[in-house]
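One structure below.
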Amino acid sequence: MGKNVLITGGAGFIGSALSKQLQEDGHAVAVLDNLSFGRRHLAGVFDDRFFEVDIRAREATRKVLADTRPEIVLHLAAVHFIPYCNQHPVEAADININGTINVLDAAQAIESVEQVFVASTAAVYPIADGAMDEQHVLGPMDIYGTTKLATEKLASEFHLRTGIPTIVGRFFNAFGPNETNPHLFPEIQRQVLSGARTLKLGNLDPKRDYIHTEDMSRAMSALLSKGVSGYDVFNIGRGIEYSVREIVAAFERQLGEPLTIEVDPARVRKVERQHLLADVRKLKAATGWEPKWDIDQGVATLLTEHVEQ
Ligand SMILES: NC(=O)c1ccc[n+]([C@@H]2O[C@H](COP(=O)([O-])OP(=O)(O)OC[C@H]3O[C@@H](n4cnc5c(N)ncnc54)[C@H](O)[C@@H]3O)[C@@H](O)[C@H]2O)c1
């Protein structure tokens, strides 16, 4: 049966795909977002279900939950572009930690809440070569990962304090339409759609586990309907890793044209992990979920997307 659902960060890249998925599943979705990175139209809800609120505003956040009375709260609002977090560490901590406290306290105060989902990240893991499962030792290597590790601890403490079933999803690298931050896919997409055939990129060798936002949204939906009873953590990735060069090759295949790569020193990250790969056996065993989108299909749709240059 459809539930009353609130998504924080629902006007963003992943949150908007999730809003669409949960509505297709028959849920009534409301979105809280301050539109700092998100865009209003992406939320996919009418004005009476959209709340332009900053999660750092404790009373306003509490009021949104009191007014919408959600049964499920999915907390995705955060700042997460790593270079942005490095440049604005106090803001990153304020939003990702204090904002999370406000959202969880508001969820505790409203007796309608039956289930909570909190978005974390693969950035809580340390540098490692192989696939990492949820038991892997943690060790974030930047301010962003540190704030998200705190987010996870807050979610666990929230569950202990309230008994409300709480799921943490450790998202690996998302790709798909409507990306709001200048990560690899939108960067290549922007350059290619503006006519460039020589791409200016940073580090070329690091590999990442890219998962389509629609597959991520189906995974979150599956975890919610499975109904985890206590507190649990799941990797949400695809279990395959690709280098930057391999992603460029996918764009070449879909364009049917060769692309040249020029390393732009301004884009090269000084601290960079070479691998970030999910072990997703726990997610699959718990839900039966399987990813549907491969890289080439995702790239093909990105090449038809209208992007503001
Ligand atoms: N994109 C990825 O590859 C990735 C990987 C791992 C984890 N994540 C996590 O997934 C979640 C969603 O990320 P995304 O890629 O959709 O990014 P995004 O920036 O598109 O989405 C975040 C949304 O939160 C909103 N927001 C930011 N600060 C806010 C505040 N103070 N109050 C209210 N709303 C605020 C933004 O406007 C935006 O719409 C985040 O928690 C992020 O840490 C993303």
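Chain labels follow the order of the structure tokens: the first chain is A, the next B, and so on; residue numbering restarts at 1 in every chain, and ligands are counted from 1 in their shown order.
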(request) Enumerate residues in contact with ligand 1: an atom-to-atom distance of at most 8 Å, counting only C-alpha atoms and all ligand atoms. Format the result as a ChimeraX atom specification. (result) /A:8-16,32-39,52-56,75-81,95-96,99,118-123,148,170-175,179-181,210
(message) Which of segment 30-138 of chain A end up as helix (DSSP H, G or I) when DSSP is run on this backbone - answer as a ChimeraX atom specification?
(response) /A:40-43,47-49,58-68,82-87,89-109,122-124
(request) Give me, please, the distance in Å between atom CA of Asp232 of chain A and atom CA of Pro83 of chain A, quoted to one decimal. (result) 29.4 Å
(message) If I take atom CA of Asp215 of chain A and atom CA of Lys292 of chain A, how far is one from the other in Å, to one decimal?
(response) 6.5 Å
(request) May I have the residues within 6 Å of segment 126-134 of chain A as JSON, numbers by chain, using only C-alpha atoms and disregarding those fewer than 3 positions away in the same chain? (result) {"A": [138, 139, 140, 273, 275, 277, 278, 279]}
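Between atom CA of Ile236 of chain A and atom CA of Gln135 of chain A lies a distance of 14.1 Å.
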(request) Give the answer as one residue: which of A:Asn4, A:Ser229, A:Asn102, A:Thr304 has the shortest atom-to-atom distance to Arg62 of chain A, using only C-alpha atoms? (result) A:Asn102
(message) Taking 4 positions as the minimum chain separation for residues in the same chain, which residues sit within 12 Å of Val90 of chain A when counting only C-alpha atoms? Answer as a PyMOL selection string.
(response) chain A and resi 79+84-86+94-98+143-144+147
Just to be explicit: take each residue in the selection above, keep C-alpha atoms, and write the result as a PDB file, in the first residue's frame.
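So part12.pdb came out as:
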```pdb
ATOM      1  CA  VAL A  79      26.593  18.878   0.325  1.00  0.00           C
ATOM      2  CA  TYR A  84      33.295  22.048  -2.622  1.00  0.00           C
ATOM      3  CA  CYS A  85      33.395  20.348   0.808  1.00  0.00           C
ATOM      4  CA  ASN A  86      37.181  20.795   0.974  1.00  0.00           C
ATOM      5  CA  ASP A  94      26.995  22.190   9.468  1.00  0.00           C
ATOM      6  CA  ILE A  95      24.696  20.788   6.755  1.00  0.00           C
ATOM      7  CA  ASN A  96      25.739  17.136   6.844  1.00  0.00           C
ATOM      8  CA  ILE A  97      25.968  16.816  10.649  1.00  0.00           C
ATOM      9  CA  ASN A  98      23.814  19.527  12.274  1.00  0.00           C
ATOM     10  CA  ILE A 143      36.040  16.215   5.173  1.00  0.00           C
ATOM     11  CA  TYR A 144      33.033  14.997   3.169  1.00  0.00           C
ATOM     12  CA  THR A 147      30.815  14.283   7.876  1.00  0.00           C
TER      13      THR A 147
END
```
(request) Could you tell me which of A:Lys3, A:His212, A:Arg161, A:Arg218 comes closest to Gly288 of chain A if we count only C-alpha atoms? (result)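 Looking at the shortest contact to Gly288 of chain A, the residue is A:Arg218.
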(message) For Gly298 of chain A, find every residue with an atom within 10 Å (counting only C-alpha atoms), except residues of its own chain fewer than 5 positions away, and show them as number ranges by chain.
(response) A: 175-177, 185, 211-213, 250-251, 254, 293, 303
(message) My list of candidates is A:Leu154, A:Leu104, A:Ala43, A:Ile295. Which is closest to Glu241 of chain A when distances are computed with only C-alpha atoms?
(response) A:Ile295
